[in-house]
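Undergrad: So here's structure19.cif (mmCIF, C-alpha atoms, pLDDT in the B column; chains and numbers go by the auth columns).
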```
data_structure
loop_
_atom_site.group_PDB
_atom_site.id
_atom_site.type_symbol
_atom_site.label_atom_id
_atom_site.label_comp_id
_atom_site.label_asym_id
_atom_site.label_seq_id
_atom_site.Cartn_x
_atom_site.Cartn_y
_atom_site.Cartn_z
_atom_site.B_iso_or_equiv
_atom_site.auth_seq_id
_atom_site.auth_asym_id
ATOM 1 C CA MET A 1 76.195 118.231 39.739 42.00 1 A
ATOM 2 C CA GLY A 2 77.978 121.276 38.301 41.00 2 A
ATOM 3 C CA SER A 3 80.467 123.189 40.381 41.00 3 A
ATOM 4 C CA THR A 4 77.995 125.964 41.194 43.00 4 A
ATOM 5 C CA GLU A 5 74.861 123.931 41.901 44.00 5 A
ATOM 6 C CA SER A 6 73.416 124.136 45.397 44.00 6 A
ATOM 7 C CA THR A 7 73.632 121.303 47.870 46.00 7 A
ATOM 8 C CA SER A 8 70.875 120.468 50.354 47.00 8 A
ATOM 9 C CA SER A 9 72.628 122.743 52.892 46.00 9 A
ATOM 10 C CA GLY A 10 72.441 125.714 50.513 50.00 10 A
ATOM 11 C CA ARG A 11 76.222 125.798 49.968 46.00 11 A
ATOM 12 C CA THR A 12 77.535 125.457 46.468 46.00 12 A
ATOM 13 C CA ALA A 13 79.173 122.182 45.546 44.00 13 A
ATOM 14 C CA ALA A 14 82.431 124.053 44.865 46.00 14 A
ATOM 15 C CA ALA A 15 82.448 125.253 48.494 56.00 15 A
ATOM 16 C CA ARG A 16 82.435 121.710 49.906 57.00 16 A
ATOM 17 C CA ASP A 17 85.633 120.478 51.483 60.00 17 A
ATOM 18 C CA ARG A 18 87.023 117.458 49.622 59.00 18 A
ATOM 19 C CA ASP A 19 89.923 115.122 50.263 57.00 19 A
ATOM 20 C CA GLY A 20 92.491 114.121 47.627 66.00 20 A
ATOM 21 C CA GLU A 21 90.141 111.418 46.318 67.00 21 A
ATOM 22 C CA GLY A 22 87.191 113.796 45.971 64.00 22 A
ATOM 23 C CA ARG A 23 85.272 112.555 49.049 57.00 23 A
ATOM 24 C CA ALA A 24 83.461 115.146 51.117 51.00 24 A
ATOM 25 C CA ARG A 25 85.500 116.075 54.190 59.00 25 A
ATOM 26 C CA ASN A 26 84.888 118.830 56.683 64.00 26 A
ATOM 27 C CA ALA A 27 88.179 120.720 56.861 76.00 27 A
ATOM 28 C CA ARG A 28 86.998 123.112 59.586 85.00 28 A
ATOM 29 C CA PRO A 29 89.173 123.118 62.680 85.00 29 A
ATOM 30 C CA ARG A 30 87.809 121.233 65.684 87.00 30 A
ATOM 31 C CA ASP A 31 88.057 121.610 69.435 84.00 31 A
ATOM 32 C CA GLY A 32 89.272 118.877 71.790 81.00 32 A
ATOM 33 C CA LEU A 33 85.828 117.267 71.827 88.00 33 A
ATOM 34 C CA GLY A 34 85.622 117.211 68.044 84.00 34 A
ATOM 35 C CA ARG A 35 83.163 120.096 67.677 86.00 35 A
ATOM 36 C CA PRO A 36 83.636 122.072 64.451 88.00 36 A
ATOM 37 C CA LEU A 37 84.967 125.590 64.903 84.00 37 A
ATOM 38 C CA PRO A 38 84.683 128.462 62.409 88.00 38 A
ATOM 39 C CA HIS A 39 87.113 128.373 59.475 88.00 39 A
ATOM 40 C CA GLY A 40 90.320 130.111 60.505 88.00 40 A
ATOM 41 C CA ALA A 41 89.823 129.539 64.250 89.00 41 A
ATOM 42 C CA PRO A 42 92.607 127.763 66.110 87.00 42 A
ATOM 43 C CA GLY A 43 91.739 124.141 66.763 85.00 43 A
ATOM 44 C CA VAL A 44 93.467 121.005 67.938 84.00 44 A
ATOM 45 C CA PRO A 45 95.343 118.906 65.379 81.00 45 A
ATOM 46 C CA ARG A 46 93.121 116.315 63.699 79.00 46 A
ATOM 47 C CA GLN A 47 93.966 112.652 63.825 74.00 47 A
ATOM 48 C CA PRO A 48 95.026 111.441 60.399 78.00 48 A
ATOM 49 C CA GLU A 49 92.582 108.900 58.992 82.00 49 A
ATOM 50 C CA GLY A 50 93.454 105.419 57.803 83.00 50 A
ATOM 51 C CA VAL A 51 96.583 104.985 59.906 86.00 51 A
ATOM 52 C CA VAL A 52 97.491 101.331 60.331 90.00 52 A
ATOM 53 C CA ARG A 53 99.083 100.728 63.714 95.00 53 A
ATOM 54 C CA ARG A 54 99.993 97.648 65.663 96.00 54 A
ATOM 55 C CA PRO A 55 97.224 97.010 68.226 96.00 55 A
ATOM 56 C CA GLU A 56 99.477 98.000 71.130 96.00 56 A
ATOM 57 C CA GLU A 57 100.222 101.294 69.369 97.00 57 A
ATOM 58 C CA SER A 58 96.496 101.914 68.886 97.00 58 A
ATOM 59 C CA VAL A 59 95.862 101.323 72.591 98.00 59 A
ATOM 60 C CA ALA A 60 98.736 103.606 73.634 98.00 60 A
ATOM 61 C CA GLU A 61 97.728 106.402 71.230 97.00 61 A
ATOM 62 C CA ALA A 62 94.066 106.188 72.232 97.00 62 A
ATOM 63 C CA GLN A 63 95.016 106.292 75.928 98.00 63 A
ATOM 64 C CA ARG A 64 97.172 109.374 75.351 97.00 64 A
ATOM 65 C CA LEU A 65 94.296 111.147 73.619 96.00 65 A
ATOM 66 C CA LEU A 66 91.784 110.089 76.272 97.00 66 A
ATOM 67 C CA ASP A 67 94.101 111.374 79.016 97.00 67 A
ATOM 68 C CA GLU A 68 94.349 114.705 77.162 96.00 68 A
ATOM 69 C CA GLY A 69 90.548 115.001 77.186 96.00 69 A
ATOM 70 C CA LYS A 70 90.221 114.214 73.466 95.00 70 A
ATOM 71 C CA PRO A 71 87.879 111.219 73.296 97.00 71 A
ATOM 72 C CA PHE A 72 86.652 112.212 69.817 95.00 72 A
ATOM 73 C CA HIS A 73 90.205 111.890 68.542 94.00 73 A
ATOM 74 C CA ALA A 74 90.681 108.595 70.426 96.00 74 A
ATOM 75 C CA HIS A 75 87.586 107.256 68.681 96.00 75 A
ATOM 76 C CA GLU A 76 89.311 107.911 65.348 95.00 76 A
ATOM 77 C CA VAL A 77 92.285 105.785 66.460 97.00 77 A
ATOM 78 C CA PHE A 78 89.926 102.966 67.460 97.00 78 A
ATOM 79 C CA GLU A 79 88.067 103.346 64.177 96.00 79 A
ATOM 80 C CA ASP A 80 91.320 102.941 62.235 96.00 80 A
ATOM 81 C CA ALA A 81 92.043 99.738 64.204 96.00 81 A
ATOM 82 C CA TRP A 82 88.493 98.525 63.541 94.00 82 A
ATOM 83 C CA LYS A 83 88.815 99.112 59.801 94.00 83 A
ATOM 84 C CA SER A 84 92.378 97.793 59.377 94.00 84 A
ATOM 85 C CA GLY A 85 92.478 94.990 61.929 91.00 85 A
ATOM 86 C CA PRO A 86 91.630 91.350 61.552 93.00 86 A
ATOM 87 C CA GLN A 87 87.961 90.487 61.113 94.00 87 A
ATOM 88 C CA GLU A 88 87.850 88.630 64.445 94.00 88 A
ATOM 89 C CA GLU A 89 88.786 91.830 66.327 95.00 89 A
ATOM 90 C CA ARG A 90 86.502 94.293 64.573 95.00 90 A
ATOM 91 C CA GLU A 91 83.749 94.128 67.192 95.00 91 A
ATOM 92 C CA LEU A 92 86.274 94.805 69.951 97.00 92 A
ATOM 93 C CA TRP A 93 87.581 97.955 68.244 97.00 93 A
ATOM 94 C CA ARG A 94 84.074 99.044 67.265 96.00 94 A
ATOM 95 C CA GLY A 95 82.984 98.746 70.891 97.00 95 A
ATOM 96 C CA LEU A 96 85.980 100.774 72.064 98.00 96 A
ATOM 97 C CA ALA A 97 85.209 103.429 69.442 98.00 97 A
ATOM 98 C CA GLN A 98 81.623 103.590 70.745 98.00 98 A
ATOM 99 C CA LEU A 99 82.925 104.062 74.294 98.00 99 A
ATOM 100 C CA ALA A 100 85.092 106.981 73.165 98.00 100 A
ATOM 101 C CA VAL A 101 82.152 108.552 71.299 97.00 101 A
ATOM 102 C CA GLY A 102 79.978 108.023 74.381 98.00 102 A
ATOM 103 C CA LEU A 103 82.525 109.902 76.490 98.00 103 A
ATOM 104 C CA THR A 104 82.601 112.616 73.822 97.00 104 A
ATOM 105 C CA HIS A 105 78.828 113.070 73.936 97.00 105 A
ATOM 106 C CA ALA A 106 78.774 112.987 77.738 97.00 106 A
ATOM 107 C CA ALA A 107 81.486 115.681 77.920 97.00 107 A
ATOM 108 C CA ARG A 108 79.552 117.802 75.407 96.00 108 A
ATOM 109 C CA GLY A 109 76.507 117.634 77.717 95.00 109 A
ATOM 110 C CA ASN A 110 74.480 115.141 75.666 96.00 110 A
ATOM 111 C CA ALA A 111 73.442 112.853 78.531 97.00 111 A
ATOM 112 C CA THR A 112 71.071 110.668 76.512 97.00 112 A
ATOM 113 C CA GLY A 113 73.474 110.011 73.641 97.00 113 A
ATOM 114 C CA GLY A 114 76.467 109.688 75.936 97.00 114 A
ATOM 115 C CA ALA A 115 74.865 107.111 78.226 98.00 115 A
ATOM 116 C CA ARG A 116 73.439 105.167 75.277 98.00 116 A
ATOM 117 C CA LEU A 117 76.806 104.920 73.497 98.00 117 A
ATOM 118 C CA LEU A 118 78.697 104.090 76.688 98.00 118 A
ATOM 119 C CA ARG A 119 76.316 101.188 77.312 98.00 119 A
ATOM 120 C CA ARG A 120 76.354 100.081 73.663 98.00 120 A
ATOM 121 C CA GLY A 121 80.156 100.047 73.622 98.00 121 A
ATOM 122 C CA ALA A 122 80.302 98.184 76.934 98.00 122 A
ATOM 123 C CA GLY A 123 77.867 95.612 75.565 97.00 123 A
ATOM 124 C CA ALA A 124 79.881 95.153 72.375 96.00 124 A
ATOM 125 C CA ALA A 125 83.139 94.694 74.312 96.00 125 A
ATOM 126 C CA GLU A 126 81.451 92.274 76.704 96.00 126 A
ATOM 127 C CA ALA A 127 79.931 90.254 73.846 95.00 127 A
ATOM 128 C CA TRP A 128 83.297 90.116 72.074 96.00 128 A
ATOM 129 C CA ALA A 129 85.010 88.806 75.236 94.00 129 A
ATOM 130 C CA ALA A 130 82.226 86.267 75.864 94.00 130 A
ATOM 131 C CA ALA A 131 82.520 84.971 72.287 93.00 131 A
ATOM 132 C CA GLY A 132 86.078 83.906 72.997 90.00 132 A
ATOM 133 C CA GLY A 133 87.913 87.146 72.366 86.00 133 A
ATOM 134 C CA GLY A 134 89.445 87.195 75.820 85.00 134 A
ATOM 135 C CA ARG A 135 89.511 89.544 78.757 82.00 135 A
ATOM 136 C CA ARG A 136 92.866 91.287 78.141 92.00 136 A
ATOM 137 C CA PRO A 137 93.282 91.674 74.377 95.00 137 A
ATOM 138 C CA HIS A 138 96.416 93.674 73.617 95.00 138 A
ATOM 139 C CA GLY A 139 96.709 94.372 77.344 95.00 139 A
ATOM 140 C CA ILE A 140 93.283 96.053 77.552 97.00 140 A
ATOM 141 C CA ASP A 141 91.515 95.452 80.865 96.00 141 A
ATOM 142 C CA LEU A 142 88.098 94.807 79.299 96.00 142 A
ATOM 143 C CA CYS A 143 86.370 94.091 82.600 95.00 143 A
ATOM 144 C CA GLY A 144 87.639 97.369 84.019 97.00 144 A
ATOM 145 C CA VAL A 145 86.722 99.338 80.891 97.00 145 A
ATOM 146 C CA ILE A 146 83.223 97.806 80.797 97.00 146 A
ATOM 147 C CA ALA A 147 82.682 98.642 84.480 97.00 147 A
ATOM 148 C CA TRP A 148 83.956 102.205 83.884 98.00 148 A
ATOM 149 C CA ALA A 149 81.529 102.687 80.986 98.00 149 A
ATOM 150 C CA ARG A 150 78.488 101.455 82.885 98.00 150 A
ATOM 151 C CA GLU A 151 79.345 103.508 85.954 98.00 151 A
ATOM 152 C CA LEU A 152 79.862 106.648 83.891 98.00 152 A
ATOM 153 C CA ALA A 153 76.617 106.038 81.963 98.00 153 A
ATOM 154 C CA ALA A 154 74.687 105.955 85.250 98.00 154 A
ATOM 155 C CA GLU A 155 76.388 109.161 86.445 97.00 155 A
ATOM 156 C CA VAL A 156 75.665 110.923 83.161 97.00 156 A
ATOM 157 C CA GLU A 157 72.002 109.932 83.313 96.00 157 A
ATOM 158 C CA ALA A 158 71.860 111.284 86.865 96.00 158 A
ATOM 159 C CA GLY A 159 72.962 114.664 85.528 95.00 159 A
ATOM 160 C CA ALA A 160 76.622 114.676 86.510 93.00 160 A
ATOM 161 C CA PRO A 161 78.803 116.929 84.343 94.00 161 A
ATOM 162 C CA VAL A 162 81.707 115.126 82.691 96.00 162 A
ATOM 163 C CA ASP A 163 85.287 116.329 82.273 97.00 163 A
ATOM 164 C CA ALA A 164 86.566 114.049 79.501 97.00 164 A
ATOM 165 C CA GLY A 165 90.201 114.033 80.652 95.00 165 A
ATOM 166 C CA ALA A 166 89.383 113.511 84.311 97.00 166 A
ATOM 167 C CA ARG A 167 86.954 110.684 83.515 97.00 167 A
ATOM 168 C CA ALA A 168 89.047 108.934 80.865 97.00 168 A
ATOM 169 C CA PRO A 169 89.117 105.160 81.218 97.00 169 A
ATOM 170 C CA ARG A 170 92.328 103.316 82.054 97.00 170 A
ATOM 171 C CA LEU A 171 92.507 100.954 79.110 98.00 171 A
ATOM 172 C CA ARG A 172 95.166 98.785 80.670 96.00 172 A
ATOM 173 C CA GLY A 173 93.930 99.065 84.232 85.00 173 A
ATOM 174 C CA ALA A 174 94.984 101.223 87.150 74.00 174 A
ATOM 175 C CA SER A 175 98.681 101.025 86.292 53.00 175 A
ATOM 176 C CA SER A 176 98.432 102.063 82.617 47.00 176 A
#
```
Would you put the structure from the file into structure tokens?

TA:
Amino acid sequence: MGSTESTSSGRTAAARDRDGEGRARNARPRDGLGRPLPHGAPGVPRQPEGVVRRPEESVAEAQRLLDEGKPFHAHEVFEDAWKSGPQEERELWRGLAQLAVGLTHAARGNATGGARLLRRGAGAAEAWAAAGGGRRPHGIDLCGVIAWARELAAEVEAGAPVDAGARAPRLRGASS
């Protein structure tokens, strides 16, 4: 495709945001729930992609972001752990990422998507623990997080509005 050919969105290929390796990336600023804002609008800092952290650092950073009402950004931390961690932990991190995306959708007012992803993430975390992964990997209170997700999913389906920061899970339990 030449630099002035149209894309399916009607924008020219030259107008597409690209990263240093030429992959399409949306460089628009985003709000705390990850929604794109107009170019030039103030947004919240984006999470850098591909950061390799120790698992405990991933949990701490994700908790900080969840507490700040930024579950979309927390999902990116979990996604980095999922992609960079050992194969035997990938389903755990994927499930946690789904929980953060579920909270994101719920806070944006998407009850159907929010409840579905909260339940899917809870199921993935539960399956990982049942397969021998354990109940407190890296200090995460999986039973508590699973219960939180299912409770929130039911509330969301019942029409309750969600404040992402106020409803953030406690990854390490009540004392985290």

Undergrad: Identify, on the basis of only C-alpha atoms, every residue whose closest approach to Gly50 in chain A does not exceed 10 Å; exclude the query and any residue fewer than 3 positions from it along the same chain; express the result as a PyMOL selection string.

TA: chain A and resi 47+53+76-77+79-81+83-84

Undergrad: Which residue out of A:Ala74, A:Ala115, A:Leu142, A:Leu99 has the minimum interatomic distance to Trp128 in chain A when all atoms listed in the file are used?

TA: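 Among A:Ala74, A:Ala115, A:Leu142, A:Leu99, it is A:Leu142 that comes nearest to Trp128 in chain A.
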
Undergrad: Which residues match the PyMOL selection byres ((chain A and resi 169) around 9) in the file above, as a list in words?

TA: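 What the PyMOL selection byres ((chain A and resi 169) around 9) grabs from the file is Gln63, Leu66, Asp67, Gly144, Val145, Trp148, Ala149, Gly165, Ala166, Arg167, Ala168, Arg170, Leu171, Arg172 and Gly173 of chain A.
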
Undergrad: In Å, rounded to a single decimal, give me how far CA of Ala27 in chain A is from CA of Leu118 in chain A.

TA: 27.6 Å

Undergrad: Enter the distance from CA of Ala131 in chain A to CA of Gly95 in chain A, in Å, rounded to one decimal.

TA: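 So the two atoms, CA of Ala131 in chain A and CA of Gly95 in chain A, lie 13.9 Å apart.
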
Undergrad: Could you name the residues that touch Ala125 in chain A at 10 Å or less, counting all atoms listed in the file, but leaving out those on the same chain fewer than 3 positions away, as a PyMOL selection string?

TA: chain A and resi 91-96+98-99+119-122+128-131+133-135+142-143+145-146

Undergrad: Take the residues from that selection and write them out as a PDB file, in the coordinates of the input, keeping C-alpha atoms.

TA:
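Okay, again.pdb is ready:
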```pdb
ATOM      1  CA  GLU A  91      83.749  94.128  67.192  1.00 95.00           C
ATOM      2  CA  LEU A  92      86.274  94.805  69.951  1.00 97.00           C
ATOM      3  CA  TRP A  93      87.581  97.955  68.244  1.00 97.00           C
ATOM      4  CA  ARG A  94      84.074  99.044  67.265  1.00 96.00           C
ATOM      5  CA  GLY A  95      82.984  98.746  70.891  1.00 97.00           C
ATOM      6  CA  LEU A  96      85.980 100.774  72.064  1.00 98.00           C
ATOM      7  CA  GLN A  98      81.623 103.590  70.745  1.00 98.00           C
ATOM      8  CA  LEU A  99      82.925 104.062  74.294  1.00 98.00           C
ATOM      9  CA  ARG A 119      76.316 101.188  77.312  1.00 98.00           C
ATOM     10  CA  ARG A 120      76.354 100.081  73.663  1.00 98.00           C
ATOM     11  CA  GLY A 121      80.156 100.047  73.622  1.00 98.00           C
ATOM     12  CA  ALA A 122      80.302  98.184  76.934  1.00 98.00           C
ATOM     13  CA  TRP A 128      83.297  90.116  72.074  1.00 96.00           C
ATOM     14  CA  ALA A 129      85.010  88.806  75.236  1.00 94.00           C
ATOM     15  CA  ALA A 130      82.226  86.267  75.864  1.00 94.00           C
ATOM     16  CA  ALA A 131      82.520  84.971  72.287  1.00 93.00           C
ATOM     17  CA  GLY A 133      87.913  87.146  72.366  1.00 86.00           C
ATOM     18  CA  GLY A 134      89.445  87.195  75.820  1.00 85.00           C
ATOM     19  CA  ARG A 135      89.511  89.544  78.757  1.00 82.00           C
ATOM     20  CA  LEU A 142      88.098  94.807  79.299  1.00 96.00           C
ATOM     21  CA  CYS A 143      86.370  94.091  82.600  1.00 95.00           C
ATOM     22  CA  VAL A 145      86.722  99.338  80.891  1.00 97.00           C
ATOM     23  CA  ILE A 146      83.223  97.806  80.797  1.00 97.00           C
TER      24      ILE A 146
END
```

Undergrad: Quick one, how far is CA of His39 in chain A from CA of Gly114 in chain A?

TA: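 Spanning CA of His39 in chain A to CA of Gly114 in chain A is a straight-line distance of 27.1 Å.
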
Undergrad: Check which residues satisfy the PyMOL selection byres ((chain A and resi 57) around 12) in the file shown, then give them as a ChimeraX atom specification.

TA: /A:51-56,58-64,77-78,80-81,138-140

Undergrad: Could you check which of A:Gly123, A:Pro137, A:Gly102, A:Gly43 is closest to Leu152 in chain A, using all atoms listed in the file?

TA: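 Selected residue with least distance to Leu152 in chain A: A:Gly102.
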
Undergrad: Taking the file as I've supplied it (selection: the PyMOL selection byres ((chain A and resi 108) around 10)), which residues are included? Please answer as a ChimeraX atom specification.

TA: /A:33-35,102-107,109-111,114,161-164

Undergrad: Looking at all atoms listed in the file, which of A:Gly132, A:Glu68, A:Arg30, A:Pro86 is the one that sits closest to Pro42 in chain A?

TA: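 Closest to Pro42 in chain A, using all atoms listed in the file: A:Arg30.
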
Undergrad: Using all atoms listed in the file, can you tell me which of A:Ala153, A:Ala97, A:Ala174, A:Val44 comes closest to Ala124 in chain A?

TA: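 Closest residue, counting all atoms listed in the file: A:Ala97.
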
Undergrad: Taking every listed atom of range 104-114 of chain A and adding 5 Å to each side, what centre and edge lengths in Å (one decimal) does the axis-aligned box have, as JSON?

TA:
```
{"center_x": 76.8, "center_y": 113.7, "center_z": 76.1, "size_x": 21.5, "size_y": 18.1, "size_z": 14.9}
```
